[in-house]
$ cat target-v3.cif   # mmCIF, N, CA and C atoms
data_input
#
loop_
_atom_site.label_atom_id
_atom_site.label_comp_id
_atom_site.auth_asym_id
_atom_site.auth_seq_id
_atom_site.Cartn_x
_atom_site.Cartn_y
_atom_site.Cartn_z
N MET A 1 25.15 -48.57 -59.66
CA MET A 1 24.97 -49.22 -60.95
C MET A 1 24.24 -48.24 -61.88
N SER A 2 24.74 -48.07 -63.07
CA SER A 2 24.13 -47.14 -64.00
C SER A 2 23.03 -47.82 -64.80
N LEU A 3 22.24 -47.01 -65.46
CA LEU A 3 21.14 -47.51 -66.28
C LEU A 3 21.66 -48.45 -67.36
N THR A 4 22.83 -48.18 -67.90
CA THR A 4 23.35 -49.00 -68.99
C THR A 4 23.81 -50.38 -68.52
N GLN A 5 23.94 -50.59 -67.22
CA GLN A 5 24.36 -51.89 -66.70
C GLN A 5 23.21 -52.84 -66.43
N PHE A 6 22.00 -52.34 -66.44
CA PHE A 6 20.85 -53.20 -66.25
C PHE A 6 20.56 -53.93 -67.55
N PRO A 7 20.24 -55.22 -67.49
CA PRO A 7 19.89 -55.92 -68.72
C PRO A 7 18.61 -55.35 -69.30
N PHE A 8 18.58 -55.21 -70.64
CA PHE A 8 17.39 -54.67 -71.27
C PHE A 8 16.21 -55.56 -70.94
N GLY A 9 15.10 -54.93 -70.61
CA GLY A 9 13.90 -55.68 -70.31
C GLY A 9 13.86 -56.18 -68.87
N ALA A 10 14.77 -55.71 -68.02
CA ALA A 10 14.77 -56.15 -66.63
C ALA A 10 13.46 -55.78 -65.96
N ARG A 11 12.90 -54.66 -66.36
CA ARG A 11 11.60 -54.26 -65.84
C ARG A 11 10.56 -54.56 -66.91
N PRO A 12 9.50 -55.23 -66.56
CA PRO A 12 8.48 -55.54 -67.56
C PRO A 12 7.75 -54.28 -68.01
N LEU A 13 7.23 -54.32 -69.22
CA LEU A 13 6.41 -53.22 -69.70
C LEU A 13 5.12 -53.19 -68.90
N PRO A 14 4.46 -52.03 -68.82
CA PRO A 14 3.19 -51.96 -68.10
C PRO A 14 2.20 -53.00 -68.66
N GLN A 15 1.32 -53.47 -67.78
CA GLN A 15 0.36 -54.48 -68.18
C GLN A 15 -0.45 -54.00 -69.37
N GLY A 16 -0.59 -54.86 -70.37
CA GLY A 16 -1.37 -54.53 -71.55
C GLY A 16 -0.57 -53.91 -72.68
N VAL A 17 0.70 -53.57 -72.44
CA VAL A 17 1.54 -53.00 -73.50
C VAL A 17 2.19 -54.15 -74.27
N PRO A 18 1.89 -54.24 -75.57
CA PRO A 18 2.47 -55.35 -76.34
C PRO A 18 3.98 -55.20 -76.50
N LEU A 19 4.65 -56.34 -76.63
CA LEU A 19 6.11 -56.33 -76.79
C LEU A 19 6.52 -56.22 -78.25
N THR A 20 5.58 -56.24 -79.18
CA THR A 20 5.92 -56.21 -80.59
C THR A 20 6.40 -54.82 -81.01
N LYS A 21 7.28 -54.80 -82.01
CA LYS A 21 7.84 -53.56 -82.53
C LYS A 21 6.76 -52.69 -83.15
N VAL A 22 6.77 -51.42 -82.83
CA VAL A 22 5.84 -50.47 -83.43
C VAL A 22 6.37 -50.07 -84.80
N THR A 23 5.52 -50.18 -85.81
CA THR A 23 5.88 -49.84 -87.18
C THR A 23 4.89 -48.80 -87.71
N MET A 24 5.19 -48.24 -88.87
CA MET A 24 4.25 -47.28 -89.49
C MET A 24 2.90 -47.95 -89.76
N PRO A 25 2.87 -49.16 -90.33
CA PRO A 25 1.56 -49.81 -90.51
C PRO A 25 0.83 -50.03 -89.18
N ALA A 26 1.56 -50.37 -88.13
CA ALA A 26 0.93 -50.57 -86.82
C ALA A 26 0.31 -49.27 -86.32
N LEU A 27 1.00 -48.14 -86.53
CA LEU A 27 0.44 -46.85 -86.12
C LEU A 27 -0.83 -46.55 -86.92
N GLY A 28 -0.81 -46.87 -88.21
CA GLY A 28 -2.00 -46.69 -89.04
C GLY A 28 -3.17 -47.51 -88.53
N ASP A 29 -2.89 -48.75 -88.15
CA ASP A 29 -3.94 -49.61 -87.58
C ASP A 29 -4.48 -49.03 -86.28
N MET A 30 -3.58 -48.55 -85.43
CA MET A 30 -4.02 -47.95 -84.16
C MET A 30 -4.93 -46.76 -84.42
N LYS A 31 -4.56 -45.94 -85.39
CA LYS A 31 -5.39 -44.76 -85.71
C LYS A 31 -6.76 -45.19 -86.21
N ARG A 32 -6.80 -46.14 -87.13
CA ARG A 32 -8.09 -46.61 -87.67
C ARG A 32 -8.98 -47.22 -86.60
N GLN A 33 -8.35 -47.87 -85.63
CA GLN A 33 -9.11 -48.52 -84.56
C GLN A 33 -9.46 -47.56 -83.42
N GLY A 34 -9.00 -46.33 -83.53
CA GLY A 34 -9.29 -45.34 -82.49
C GLY A 34 -8.49 -45.54 -81.21
N LYS A 35 -7.39 -46.29 -81.31
CA LYS A 35 -6.54 -46.51 -80.13
C LYS A 35 -5.61 -45.32 -79.94
N PRO A 36 -5.36 -44.94 -78.71
CA PRO A 36 -4.44 -43.83 -78.49
C PRO A 36 -3.01 -44.20 -78.91
N ILE A 37 -2.31 -43.21 -79.43
CA ILE A 37 -0.90 -43.36 -79.81
C ILE A 37 -0.09 -42.43 -78.91
N SER A 38 0.86 -43.00 -78.20
CA SER A 38 1.68 -42.19 -77.31
C SER A 38 2.99 -41.82 -77.99
N ALA A 39 3.45 -40.60 -77.73
CA ALA A 39 4.71 -40.13 -78.32
C ALA A 39 5.41 -39.21 -77.32
N LEU A 40 6.72 -39.36 -77.24
CA LEU A 40 7.54 -38.49 -76.41
C LEU A 40 8.83 -38.17 -77.15
N THR A 41 9.49 -37.12 -76.71
CA THR A 41 10.77 -36.73 -77.28
C THR A 41 11.90 -37.23 -76.40
N ALA A 42 12.96 -37.73 -77.02
CA ALA A 42 14.17 -38.13 -76.30
C ALA A 42 15.37 -37.69 -77.11
N TYR A 43 16.44 -37.35 -76.41
CA TYR A 43 17.66 -36.88 -77.07
C TYR A 43 18.86 -37.75 -76.77
N ASP A 44 18.71 -38.74 -75.88
CA ASP A 44 19.87 -39.53 -75.45
C ASP A 44 19.46 -40.96 -75.14
N TYR A 45 20.46 -41.80 -74.94
CA TYR A 45 20.26 -43.22 -74.69
C TYR A 45 19.41 -43.47 -73.45
N SER A 46 19.79 -42.87 -72.34
CA SER A 46 19.11 -43.16 -71.07
C SER A 46 17.63 -42.80 -71.12
N THR A 47 17.33 -41.61 -71.61
CA THR A 47 15.94 -41.18 -71.69
C THR A 47 15.17 -42.07 -72.64
N ALA A 48 15.75 -42.37 -73.79
CA ALA A 48 15.07 -43.21 -74.78
C ALA A 48 14.79 -44.59 -74.23
N ARG A 49 15.74 -45.13 -73.49
CA ARG A 49 15.54 -46.46 -72.92
C ARG A 49 14.38 -46.47 -71.93
N LEU A 50 14.33 -45.48 -71.06
CA LEU A 50 13.24 -45.38 -70.08
C LEU A 50 11.89 -45.21 -70.79
N VAL A 51 11.86 -44.35 -71.78
CA VAL A 51 10.63 -44.10 -72.52
C VAL A 51 10.18 -45.36 -73.26
N ASP A 52 11.11 -46.06 -73.88
CA ASP A 52 10.78 -47.28 -74.62
C ASP A 52 10.26 -48.35 -73.66
N GLU A 53 10.94 -48.53 -72.55
CA GLU A 53 10.51 -49.56 -71.60
C GLU A 53 9.20 -49.20 -70.92
N ALA A 54 8.82 -47.93 -70.94
CA ALA A 54 7.53 -47.51 -70.39
C ALA A 54 6.39 -47.84 -71.34
N GLY A 55 6.73 -48.21 -72.59
CA GLY A 55 5.69 -48.60 -73.54
C GLY A 55 5.22 -47.50 -74.47
N VAL A 56 5.96 -46.40 -74.55
CA VAL A 56 5.59 -45.32 -75.47
C VAL A 56 5.72 -45.83 -76.90
N ASP A 57 4.77 -45.46 -77.76
CA ASP A 57 4.71 -45.98 -79.12
C ASP A 57 5.71 -45.34 -80.08
N LEU A 58 5.96 -44.04 -79.93
CA LEU A 58 6.79 -43.30 -80.88
C LEU A 58 7.73 -42.40 -80.10
N ILE A 59 9.01 -42.41 -80.47
CA ILE A 59 9.98 -41.52 -79.85
C ILE A 59 10.53 -40.60 -80.93
N LEU A 60 10.39 -39.30 -80.70
CA LEU A 60 10.89 -38.29 -81.62
C LEU A 60 12.22 -37.77 -81.10
N VAL A 61 13.22 -37.78 -81.96
CA VAL A 61 14.47 -37.09 -81.66
C VAL A 61 14.29 -35.71 -82.27
N GLY A 62 13.87 -34.77 -81.45
CA GLY A 62 13.46 -33.46 -81.94
C GLY A 62 14.60 -32.49 -82.10
N ASP A 63 14.43 -31.58 -83.08
CA ASP A 63 15.46 -30.56 -83.28
C ASP A 63 15.46 -29.56 -82.12
N SER A 64 14.50 -29.68 -81.22
CA SER A 64 14.50 -28.87 -80.01
C SER A 64 15.71 -29.17 -79.13
N LEU A 65 16.45 -30.24 -79.45
CA LEU A 65 17.68 -30.51 -78.71
C LEU A 65 18.66 -29.35 -78.87
N ALA A 66 18.49 -28.54 -79.91
CA ALA A 66 19.34 -27.36 -80.07
C ALA A 66 19.29 -26.48 -78.82
N MET A 67 18.09 -26.32 -78.27
CA MET A 67 17.91 -25.48 -77.09
C MET A 67 18.05 -26.29 -75.80
N VAL A 68 17.42 -27.45 -75.75
CA VAL A 68 17.33 -28.24 -74.52
C VAL A 68 18.67 -28.86 -74.14
N VAL A 69 19.42 -29.33 -75.13
CA VAL A 69 20.68 -30.03 -74.86
C VAL A 69 21.90 -29.16 -75.18
N LEU A 70 21.85 -28.44 -76.29
CA LEU A 70 23.03 -27.72 -76.76
C LEU A 70 23.07 -26.24 -76.35
N GLY A 71 21.97 -25.73 -75.78
CA GLY A 71 21.97 -24.37 -75.25
C GLY A 71 21.80 -23.25 -76.25
N HIS A 72 21.37 -23.56 -77.47
CA HIS A 72 21.14 -22.51 -78.46
C HIS A 72 19.85 -21.77 -78.16
N GLU A 73 19.70 -20.59 -78.75
CA GLU A 73 18.50 -19.78 -78.53
C GLU A 73 17.29 -20.31 -79.28
N ASN A 74 17.52 -21.03 -80.38
CA ASN A 74 16.42 -21.59 -81.16
C ASN A 74 16.93 -22.83 -81.89
N THR A 75 16.07 -23.42 -82.69
CA THR A 75 16.42 -24.67 -83.37
C THR A 75 17.26 -24.47 -84.63
N LEU A 76 17.42 -23.26 -85.09
CA LEU A 76 18.10 -23.02 -86.36
C LEU A 76 19.57 -23.42 -86.36
N ALA A 77 20.20 -23.44 -85.20
CA ALA A 77 21.64 -23.70 -85.13
C ALA A 77 22.00 -25.19 -85.19
N VAL A 78 21.05 -26.09 -84.93
CA VAL A 78 21.39 -27.51 -84.87
C VAL A 78 21.70 -28.03 -86.28
N THR A 79 22.71 -28.88 -86.39
CA THR A 79 23.14 -29.39 -87.69
C THR A 79 22.64 -30.81 -87.93
N VAL A 80 22.74 -31.23 -89.16
CA VAL A 80 22.40 -32.61 -89.50
C VAL A 80 23.29 -33.57 -88.72
N ASP A 81 24.58 -33.30 -88.67
CA ASP A 81 25.50 -34.19 -87.96
C ASP A 81 25.16 -34.30 -86.47
N GLU A 82 24.77 -33.19 -85.85
CA GLU A 82 24.37 -33.24 -84.44
C GLU A 82 23.09 -34.06 -84.28
N MET A 83 22.15 -33.89 -85.18
CA MET A 83 20.91 -34.66 -85.11
C MET A 83 21.17 -36.14 -85.35
N LEU A 84 22.09 -36.46 -86.27
CA LEU A 84 22.44 -37.86 -86.51
C LEU A 84 23.05 -38.48 -85.26
N HIS A 85 23.93 -37.75 -84.60
CA HIS A 85 24.58 -38.23 -83.38
C HIS A 85 23.54 -38.60 -82.32
N HIS A 86 22.59 -37.73 -82.08
CA HIS A 86 21.58 -37.97 -81.05
C HIS A 86 20.59 -39.05 -81.48
N THR A 87 20.29 -39.11 -82.76
CA THR A 87 19.39 -40.16 -83.25
C THR A 87 20.03 -41.53 -83.07
N ARG A 88 21.32 -41.64 -83.34
CA ARG A 88 22.03 -42.91 -83.13
C ARG A 88 21.96 -43.34 -81.67
N ALA A 89 22.14 -42.40 -80.75
CA ALA A 89 22.09 -42.73 -79.32
C ALA A 89 20.70 -43.23 -78.93
N VAL A 90 19.67 -42.58 -79.42
CA VAL A 90 18.30 -43.00 -79.13
C VAL A 90 18.04 -44.37 -79.75
N ARG A 91 18.45 -44.56 -80.99
CA ARG A 91 18.21 -45.82 -81.68
C ARG A 91 18.81 -47.01 -80.93
N ARG A 92 20.01 -46.82 -80.35
CA ARG A 92 20.66 -47.91 -79.61
C ARG A 92 19.84 -48.33 -78.39
N ALA A 93 19.04 -47.44 -77.85
CA ALA A 93 18.26 -47.74 -76.64
C ALA A 93 16.91 -48.36 -76.91
N VAL A 94 16.40 -48.17 -78.11
CA VAL A 94 15.00 -48.50 -78.39
C VAL A 94 14.85 -49.86 -79.03
N HIS A 95 13.91 -50.64 -78.50
CA HIS A 95 13.60 -51.95 -79.06
C HIS A 95 12.16 -52.03 -79.55
N ARG A 96 11.25 -51.26 -78.97
CA ARG A 96 9.84 -51.37 -79.31
C ARG A 96 9.30 -50.14 -80.06
N ALA A 97 9.55 -48.96 -79.58
CA ALA A 97 8.96 -47.75 -80.14
C ALA A 97 9.47 -47.47 -81.56
N LEU A 98 8.70 -46.73 -82.32
CA LEU A 98 9.12 -46.23 -83.63
C LEU A 98 10.00 -45.01 -83.39
N VAL A 99 11.18 -44.99 -83.98
CA VAL A 99 12.11 -43.86 -83.81
C VAL A 99 11.98 -42.92 -85.00
N VAL A 100 11.63 -41.67 -84.70
CA VAL A 100 11.44 -40.64 -85.72
C VAL A 100 12.47 -39.54 -85.49
N ALA A 101 13.19 -39.17 -86.54
CA ALA A 101 14.19 -38.11 -86.44
C ALA A 101 13.65 -36.84 -87.07
N ASP A 102 13.80 -35.75 -86.37
CA ASP A 102 13.39 -34.43 -86.85
C ASP A 102 14.51 -33.89 -87.73
N MET A 103 14.23 -33.65 -88.99
CA MET A 103 15.25 -33.08 -89.87
C MET A 103 15.38 -31.59 -89.58
N PRO A 104 16.60 -31.12 -89.32
CA PRO A 104 16.76 -29.72 -88.95
C PRO A 104 16.53 -28.77 -90.11
N PHE A 105 16.22 -27.54 -89.74
CA PHE A 105 15.98 -26.49 -90.74
C PHE A 105 17.17 -26.39 -91.68
N GLY A 106 16.87 -26.33 -92.96
CA GLY A 106 17.89 -26.20 -93.99
C GLY A 106 18.31 -27.53 -94.60
N SER A 107 18.01 -28.63 -93.93
CA SER A 107 18.44 -29.93 -94.44
C SER A 107 17.53 -30.47 -95.52
N TYR A 108 16.38 -29.84 -95.72
CA TYR A 108 15.45 -30.29 -96.75
C TYR A 108 14.83 -29.12 -97.52
N HIS A 109 15.43 -27.95 -97.39
CA HIS A 109 14.88 -26.74 -98.02
C HIS A 109 15.50 -26.43 -99.38
N GLY A 110 16.55 -27.16 -99.75
CA GLY A 110 17.18 -26.94 -101.06
C GLY A 110 16.49 -27.79 -102.11
N SER A 111 17.27 -28.49 -102.87
CA SER A 111 16.71 -29.33 -103.93
C SER A 111 16.07 -30.58 -103.32
N VAL A 112 15.18 -31.19 -104.10
CA VAL A 112 14.57 -32.44 -103.68
C VAL A 112 15.65 -33.50 -103.47
N ALA A 113 16.63 -33.55 -104.36
CA ALA A 113 17.71 -34.53 -104.25
C ALA A 113 18.48 -34.36 -102.94
N ASP A 114 18.77 -33.12 -102.56
CA ASP A 114 19.49 -32.88 -101.30
C ASP A 114 18.64 -33.26 -100.10
N GLY A 115 17.37 -32.91 -100.14
CA GLY A 115 16.47 -33.27 -99.04
C GLY A 115 16.35 -34.77 -98.87
N LEU A 116 16.20 -35.48 -99.98
CA LEU A 116 16.11 -36.94 -99.91
C LEU A 116 17.42 -37.56 -99.45
N ALA A 117 18.54 -37.00 -99.90
CA ALA A 117 19.84 -37.52 -99.46
C ALA A 117 20.00 -37.38 -97.95
N ASN A 118 19.57 -36.26 -97.41
CA ASN A 118 19.66 -36.07 -95.96
C ASN A 118 18.71 -37.02 -95.22
N ALA A 119 17.51 -37.22 -95.76
CA ALA A 119 16.57 -38.16 -95.14
C ALA A 119 17.16 -39.57 -95.13
N VAL A 120 17.79 -39.95 -96.22
CA VAL A 120 18.41 -41.28 -96.30
C VAL A 120 19.51 -41.41 -95.24
N ARG A 121 20.25 -40.35 -95.00
CA ARG A 121 21.29 -40.39 -93.96
C ARG A 121 20.70 -40.73 -92.59
N PHE A 122 19.54 -40.15 -92.28
CA PHE A 122 18.91 -40.42 -90.99
C PHE A 122 18.51 -41.89 -90.86
N VAL A 123 18.05 -42.47 -91.95
CA VAL A 123 17.65 -43.87 -91.93
C VAL A 123 18.87 -44.77 -91.94
N LYS A 124 19.79 -44.52 -92.86
CA LYS A 124 20.94 -45.41 -93.06
C LYS A 124 21.99 -45.26 -91.96
N GLU A 125 22.36 -44.05 -91.64
CA GLU A 125 23.46 -43.82 -90.69
C GLU A 125 23.03 -43.82 -89.23
N ALA A 126 21.79 -43.40 -88.97
CA ALA A 126 21.36 -43.25 -87.58
C ALA A 126 20.30 -44.25 -87.15
N GLY A 127 19.70 -44.97 -88.11
CA GLY A 127 18.71 -45.97 -87.75
C GLY A 127 17.31 -45.44 -87.53
N ALA A 128 17.05 -44.21 -87.96
CA ALA A 128 15.69 -43.68 -87.84
C ALA A 128 14.75 -44.53 -88.69
N GLU A 129 13.53 -44.68 -88.22
CA GLU A 129 12.53 -45.44 -88.97
C GLU A 129 11.57 -44.53 -89.71
N ALA A 130 11.67 -43.25 -89.42
CA ALA A 130 10.90 -42.22 -90.11
C ALA A 130 11.60 -40.90 -89.88
N VAL A 131 11.34 -39.94 -90.74
CA VAL A 131 11.86 -38.59 -90.56
C VAL A 131 10.69 -37.62 -90.55
N LYS A 132 10.89 -36.50 -89.87
CA LYS A 132 9.86 -35.47 -89.77
C LYS A 132 10.39 -34.20 -90.41
N ILE A 133 9.55 -33.63 -91.28
CA ILE A 133 9.87 -32.33 -91.87
C ILE A 133 8.69 -31.40 -91.60
N GLU A 134 8.93 -30.11 -91.74
CA GLU A 134 7.88 -29.12 -91.52
C GLU A 134 7.78 -28.22 -92.73
N GLY A 135 6.58 -27.80 -93.02
CA GLY A 135 6.37 -26.85 -94.11
C GLY A 135 5.91 -27.52 -95.39
N PRO A 136 5.65 -26.69 -96.39
CA PRO A 136 5.09 -27.20 -97.67
C PRO A 136 6.13 -27.79 -98.59
N ARG A 137 6.58 -28.99 -98.30
CA ARG A 137 7.55 -29.68 -99.16
C ARG A 137 6.98 -31.01 -99.62
N VAL A 138 5.77 -30.99 -100.18
CA VAL A 138 5.10 -32.22 -100.60
C VAL A 138 5.89 -32.99 -101.64
N GLU A 139 6.72 -32.31 -102.40
CA GLU A 139 7.51 -33.00 -103.42
C GLU A 139 8.52 -33.96 -102.80
N LEU A 140 8.83 -33.79 -101.53
CA LEU A 140 9.75 -34.71 -100.84
C LEU A 140 9.06 -36.00 -100.41
N VAL A 141 7.74 -35.96 -100.25
CA VAL A 141 7.03 -37.14 -99.76
C VAL A 141 6.02 -37.69 -100.74
N ALA A 142 5.80 -37.01 -101.83
CA ALA A 142 4.84 -37.50 -102.83
C ALA A 142 5.40 -38.73 -103.51
N PRO A 143 4.51 -39.72 -103.80
CA PRO A 143 4.98 -40.94 -104.48
C PRO A 143 5.46 -40.68 -105.89
#

$ encode --input "target-v3.cif" --output "structure tokens"
Amino acid sequence: MSLTQFPFGARPLPQGVPLTKVTMPALGDMKRQGKPISALTAYDYSTARLVDEAGVDLILVGDSLAMVVLGHENTLAVTVDEMLHHTRAVRRAVHRALVVADMPFGSYHGSVADGLANAVRFVKEAGAEAVKIEGPRVELVAP
């Protein structure tokens, strides 16, 4: 029997792990209260499901999948479409953790409009609840 044939939630979460959905405000509350926040990286359905059912708070679909899954020498080769594909697979597995998609290099380095359009794709097309960017691009996140 494969992992996908088990009913979701067949194994209970560890004692003390709440069943409520982790949100950005919930993470903020945890930080203010000094509670630990757990985070792991997942690139596929099976891993994400195990991580989510273990009670991890945040799952990152990292651009490191370029090397770990796709065999590239570095993260520069991974595309937005490849990241969307893997983010969708993770999203389908997750019920509790916050799903964060790593935007690949080049997807937010052009105009602000292009960067925001790519971020919207991760939320709308792949179900990401947050996106991660690196470097000095405050104009993409400033109110």

$ closest_residue --input "target-v3.cif" --among "A:Leu60, A:Val141, A:Ala66, A:Ala117" --to "Asp102 of chain A" --atoms "only C-alpha atoms"
A:Leu60

$ residues_around --input "target-v3.cif" --residues "segment 75-78 of chain A" --least-positions-apart "6" --cutoff "8 Å" --atoms "only N, CA and C atoms" --output "list in words"
Asp63, Ser64, Leu65, Ala66, Met67, Met103, Pro104, Phe105 and Gly106 of chain A

$ residues_around --input "target-v3.cif" --residues "Arg91 of chain A" --least-positions-apart "6" --cutoff "7 Å" --atoms "all atoms listed in the file" --output "MDAnalysis selection string"
chainID A and resid 44:45 99 126:128

$ write_last_selection --input "target-v3.cif" --atoms "N, CA and C atoms" --output "PDB file, in the frame of the given file"
ATOM      1  N   ASP A  44      18.710 -38.740 -75.880  1.00  0.00           N
ATOM      2  CA  ASP A  44      19.870 -39.530 -75.450  1.00  0.00           C
ATOM      3  C   ASP A  44      19.460 -40.960 -75.140  1.00  0.00           C
ATOM      4  N   TYR A  45      20.460 -41.800 -74.940  1.00  0.00           N
ATOM      5  CA  TYR A  45      20.260 -43.220 -74.690  1.00  0.00           C
ATOM      6  C   TYR A  45      19.410 -43.470 -73.450  1.00  0.00           C
ATOM      7  N   VAL A  99      11.180 -44.990 -83.980  1.00  0.00           N
ATOM      8  CA  VAL A  99      12.110 -43.860 -83.810  1.00  0.00           C
ATOM      9  C   VAL A  99      11.980 -42.920 -85.000  1.00  0.00           C
ATOM     10  N   ALA A 126      21.790 -43.400 -88.970  1.00  0.00           N
ATOM     11  CA  ALA A 126      21.360 -43.250 -87.580  1.00  0.00           C
ATOM     12  C   ALA A 126      20.300 -44.250 -87.150  1.00  0.00           C
ATOM     13  N   GLY A 127      19.700 -44.970 -88.110  1.00  0.00           N
ATOM     14  CA  GLY A 127      18.710 -45.970 -87.750  1.00  0.00           C
ATOM     15  C   GLY A 127      17.310 -45.440 -87.530  1.00  0.00           C
ATOM     16  N   ALA A 128      17.050 -44.210 -87.960  1.00  0.00           N
ATOM     17  CA  ALA A 128      15.690 -43.680 -87.840  1.00  0.00           C
ATOM     18  C   ALA A 128      14.750 -44.530 -88.690  1.00  0.00           C
TER      19      ALA A 128
END

$ resolve_selection --input "target-v3.cif" --expression "the PyMOL selection byres (((chain A and resi 37 and name CA) around 12) and name CA)" --output "short mmCIF file (atom, residue, chain, number, x, y, z; two decimals) with N, CA and C atoms, in the coordinates of the input"
data_model
loop_
_atom_site.label_atom_id
_atom_site.label_comp_id
_atom_site.auth_asym_id
_atom_site.auth_seq_id
_atom_site.Cartn_x
_atom_site.Cartn_y
_atom_site.Cartn_z
N VAL A 17 0.70 -53.57 -72.44
CA VAL A 17 1.54 -53.00 -73.50
C VAL A 17 2.19 -54.15 -74.27
N VAL A 22 6.77 -51.42 -82.83
CA VAL A 22 5.84 -50.47 -83.43
C VAL A 22 6.37 -50.07 -84.80
N THR A 23 5.52 -50.18 -85.81
CA THR A 23 5.88 -49.84 -87.18
C THR A 23 4.89 -48.80 -87.71
N MET A 24 5.19 -48.24 -88.87
CA MET A 24 4.25 -47.28 -89.49
C MET A 24 2.90 -47.95 -89.76
N ALA A 26 1.56 -50.37 -88.13
CA ALA A 26 0.93 -50.57 -86.82
C ALA A 26 0.31 -49.27 -86.32
N LEU A 27 1.00 -48.14 -86.53
CA LEU A 27 0.44 -46.85 -86.12
C LEU A 27 -0.83 -46.55 -86.92
N GLY A 28 -0.81 -46.87 -88.21
CA GLY A 28 -2.00 -46.69 -89.04
C GLY A 28 -3.17 -47.51 -88.53
N ASP A 29 -2.89 -48.75 -88.15
CA ASP A 29 -3.94 -49.61 -87.58
C ASP A 29 -4.48 -49.03 -86.28
N MET A 30 -3.58 -48.55 -85.43
CA MET A 30 -4.02 -47.95 -84.16
C MET A 30 -4.93 -46.76 -84.42
N LYS A 31 -4.56 -45.94 -85.39
CA LYS A 31 -5.39 -44.76 -85.71
C LYS A 31 -6.76 -45.19 -86.21
N ARG A 32 -6.80 -46.14 -87.13
CA ARG A 32 -8.09 -46.61 -87.67
C ARG A 32 -8.98 -47.22 -86.60
N GLN A 33 -8.35 -47.87 -85.63
CA GLN A 33 -9.11 -48.52 -84.56
C GLN A 33 -9.46 -47.56 -83.42
N GLY A 34 -9.00 -46.33 -83.53
CA GLY A 34 -9.29 -45.34 -82.49
C GLY A 34 -8.49 -45.54 -81.21
N LYS A 35 -7.39 -46.29 -81.31
CA LYS A 35 -6.54 -46.51 -80.13
C LYS A 35 -5.61 -45.32 -79.94
N PRO A 36 -5.36 -44.94 -78.71
CA PRO A 36 -4.44 -43.83 -78.49
C PRO A 36 -3.01 -44.20 -78.91
N SER A 38 0.86 -43.00 -78.20
CA SER A 38 1.68 -42.19 -77.31
C SER A 38 2.99 -41.82 -77.99
N ALA A 39 3.45 -40.60 -77.73
CA ALA A 39 4.71 -40.13 -78.32
C ALA A 39 5.41 -39.21 -77.32
N LEU A 40 6.72 -39.36 -77.24
CA LEU A 40 7.54 -38.49 -76.41
C LEU A 40 8.83 -38.17 -77.15
N GLY A 55 6.73 -48.21 -72.59
CA GLY A 55 5.69 -48.60 -73.54
C GLY A 55 5.22 -47.50 -74.47
N VAL A 56 5.96 -46.40 -74.55
CA VAL A 56 5.59 -45.32 -75.47
C VAL A 56 5.72 -45.83 -76.90
N ASP A 57 4.77 -45.46 -77.76
CA ASP A 57 4.71 -45.98 -79.12
C ASP A 57 5.71 -45.34 -80.08
N LEU A 58 5.96 -44.04 -79.93
CA LEU A 58 6.79 -43.30 -80.88
C LEU A 58 7.73 -42.40 -80.10
N ILE A 59 9.01 -42.41 -80.47
CA ILE A 59 9.98 -41.52 -79.85
C ILE A 59 10.53 -40.60 -80.93
N ALA A 97 9.55 -48.96 -79.58
CA ALA A 97 8.96 -47.75 -80.14
C ALA A 97 9.47 -47.47 -81.56
N LEU A 98 8.70 -46.73 -82.32
CA LEU A 98 9.12 -46.23 -83.63
C LEU A 98 10.00 -45.01 -83.39
#

$ resolve_selection --input "target-v3.cif" --expression "the PyMOL selection byres ((chain A and resi 90) around 6)" --output "number ranges by chain"
A: 43-45, 48, 86-89, 91-94

$ write_last_selection --input "target-v3.cif" --atoms "N, CA and C atoms" --output "mmCIF file, keeping the file's coordinate frame"
data_model
loop_
_atom_site.group_PDB
_atom_site.id
_atom_site.type_symbol
_atom_site.label_atom_id
_atom_site.label_comp_id
_atom_site.auth_asym_id
_atom_site.auth_seq_id
_atom_site.Cartn_x
_atom_site.Cartn_y
_atom_site.Cartn_z
ATOM 1 N N TYR A 43 16.440 -37.350 -76.410
ATOM 2 C CA TYR A 43 17.660 -36.880 -77.070
ATOM 3 C C TYR A 43 18.860 -37.750 -76.770
ATOM 4 N N ASP A 44 18.710 -38.740 -75.880
ATOM 5 C CA ASP A 44 19.870 -39.530 -75.450
ATOM 6 C C ASP A 44 19.460 -40.960 -75.140
ATOM 7 N N TYR A 45 20.460 -41.800 -74.940
ATOM 8 C CA TYR A 45 20.260 -43.220 -74.690
ATOM 9 C C TYR A 45 19.410 -43.470 -73.450
ATOM 10 N N ALA A 48 15.750 -42.370 -73.790
ATOM 11 C CA ALA A 48 15.070 -43.210 -74.780
ATOM 12 C C ALA A 48 14.790 -44.590 -74.230
ATOM 13 N N HIS A 86 22.590 -37.730 -82.080
ATOM 14 C CA HIS A 86 21.580 -37.970 -81.050
ATOM 15 C C HIS A 86 20.590 -39.050 -81.480
ATOM 16 N N THR A 87 20.290 -39.110 -82.760
ATOM 17 C CA THR A 87 19.390 -40.160 -83.250
ATOM 18 C C THR A 87 20.030 -41.530 -83.070
ATOM 19 N N ARG A 88 21.320 -41.640 -83.340
ATOM 20 C CA ARG A 88 22.030 -42.910 -83.130
ATOM 21 C C ARG A 88 21.960 -43.340 -81.670
ATOM 22 N N ALA A 89 22.140 -42.400 -80.750
ATOM 23 C CA ALA A 89 22.090 -42.730 -79.320
ATOM 24 C C ALA A 89 20.700 -43.230 -78.930
ATOM 25 N N ARG A 91 18.450 -44.560 -80.990
ATOM 26 C CA ARG A 91 18.210 -45.820 -81.680
ATOM 27 C C ARG A 91 18.810 -47.010 -80.930
ATOM 28 N N ARG A 92 20.010 -46.820 -80.350
ATOM 29 C CA ARG A 92 20.660 -47.910 -79.610
ATOM 30 C C ARG A 92 19.840 -48.330 -78.390
ATOM 31 N N ALA A 93 19.040 -47.440 -77.850
ATOM 32 C CA ALA A 93 18.260 -47.740 -76.640
ATOM 33 C C ALA A 93 16.910 -48.360 -76.910
ATOM 34 N N VAL A 94 16.400 -48.170 -78.110
ATOM 35 C CA VAL A 94 15.000 -48.500 -78.390
ATOM 36 C C VAL A 94 14.850 -49.860 -79.030
#
